[in-house]
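Have a look at the structure below before the remarks.
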Amino acid sequence: MVTATPTLRMVATFTVDLEWPDSALVSPDQWGQCDAGALTATSVLLGKLNHAKVKARFYVLGYIAERWPEFIRQIAQSGHQLGSHGYWHAREEHEGDLFDQRTRALLPSCEGYRSPYWSTTPRPGWSGGVFFRTLPYQWLKWEIERSGIFWIHPHDLYHAQVGPLRRRVFFCDPWKRLDRLLAEVDFTHV
C-alpha cells in the first residue's frame with residue numbers, strides 16, 4: 001500500500017518597509033508631496049492584513065514615526081510589530097547607530113532593524129517590491145515560499161498607475177495580487 005507523503009508548506013514572514021517612494025531619491029523637505037497616497041495605501045494594506053489575520057513587521061523610518069505618531073500607534077495596536085528602518089533613509093546612516101536610536105525612541109516598541117540602504121535579500125539589489133511588481137505570480141509565490149519572507153513597500157501598491165514608467169514596470173494589478181498572496185501563502189506571525 002502506497003501512502004501519500006505530506007508536502008511541507010513553507011511559512012513566510014510578511015514585512016513592510018514603511019517609507020515613501022521619494023525618500024531615497026530626493027531630500028526630506030520634498031517628501032510631503034506623496035504623504036497622502038502613501039498613508040492611504042498603508043491604511044488599505046493594514047485593513048487587508050487585519051482581514052486576512054496576517055501579522056506583519058513594519059520597518060519604519062523615524063521621519064514617518066515622528067510626523068504621524070498616531071498612525072504608528074494604530075499599526076502597533078493592530079498587533080503588528082515595529083522595527084527601525086533608520087531615520088531619513090539616507091546613505092550617511094551607515095556612519096553609526098545614532099539614526100537607529102533616534103527612530104527607536106519614536107516607536108512605541110521596536111522589534112528589529114532593517115538597514116535603510118543595503119540589501120537584506122540573497123540577491124543584492126532585489127527587494128520584495130521588485131519581485132512583487134515584475135515576477136509572474138507563480139514565480140513570486142515560489143520565491144516567497146523559498147526565501148520565507150515577503151517584503152513590500154506601500155508605494156509598490158499605490159504608484160501602480162502613476163506615470164508612463166510605472167505603468168510599464170507593473171505587470172499586475174497590485175491590490176489583486178496582494179489579495180491572492182494573502183489567500184494562498186501561509187504567513188506566520190512575526
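Scheme for the C-alpha cells: letters A, B, ... for chains in order shown; per-chain residue numbers from 1; ligand numbers from 1 in order shown.
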Next item on the list: as a PyMOL selection string, please: all residues of segment 28-85 of chain A that backbone DSSP puts in strand (DSSP E).
Entry: chain A and resi 56-60+81-84
Can I get the selection written as an mmCIF file, in the first residue's frame, with C-alpha atoms?
data_model
loop_
_atom_site.group_PDB
_atom_site.id
_atom_site.type_symbol
_atom_site.label_atom_id
_atom_site.label_comp_id
_atom_site.auth_asym_id
_atom_site.auth_seq_id
_atom_site.Cartn_x
_atom_site.Cartn_y
_atom_site.Cartn_z
ATOM 1 C CA ALA A 56 3.465 41.825 9.768
ATOM 2 C CA ARG A 57 6.565 43.644 10.867
ATOM 3 C CA PHE A 58 6.657 47.265 9.750
ATOM 4 C CA TYR A 59 10.163 48.700 9.452
ATOM 5 C CA VAL A 60 9.503 52.398 9.998
ATOM 6 C CA GLN A 81 5.406 44.617 15.158
ATOM 7 C CA LEU A 82 7.506 47.695 14.546
ATOM 8 C CA GLY A 83 11.162 47.844 13.629
ATOM 9 C CA SER A 84 13.596 50.632 12.882
#
Check: Can you tell me, as a list in words, what residues are no more than 9 Å from segment 67-73 of chain A when counting only C-alpha atoms, ignoring any on the same chain fewer than 3 positions away?
Finding: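 The neighbour list is Leu39, Ser43, Val60, Gly62, Tyr63, Ile64, Ala76, Gln77, Ser78, Leu82, Leu106, Leu107 and Pro108 of chain A.
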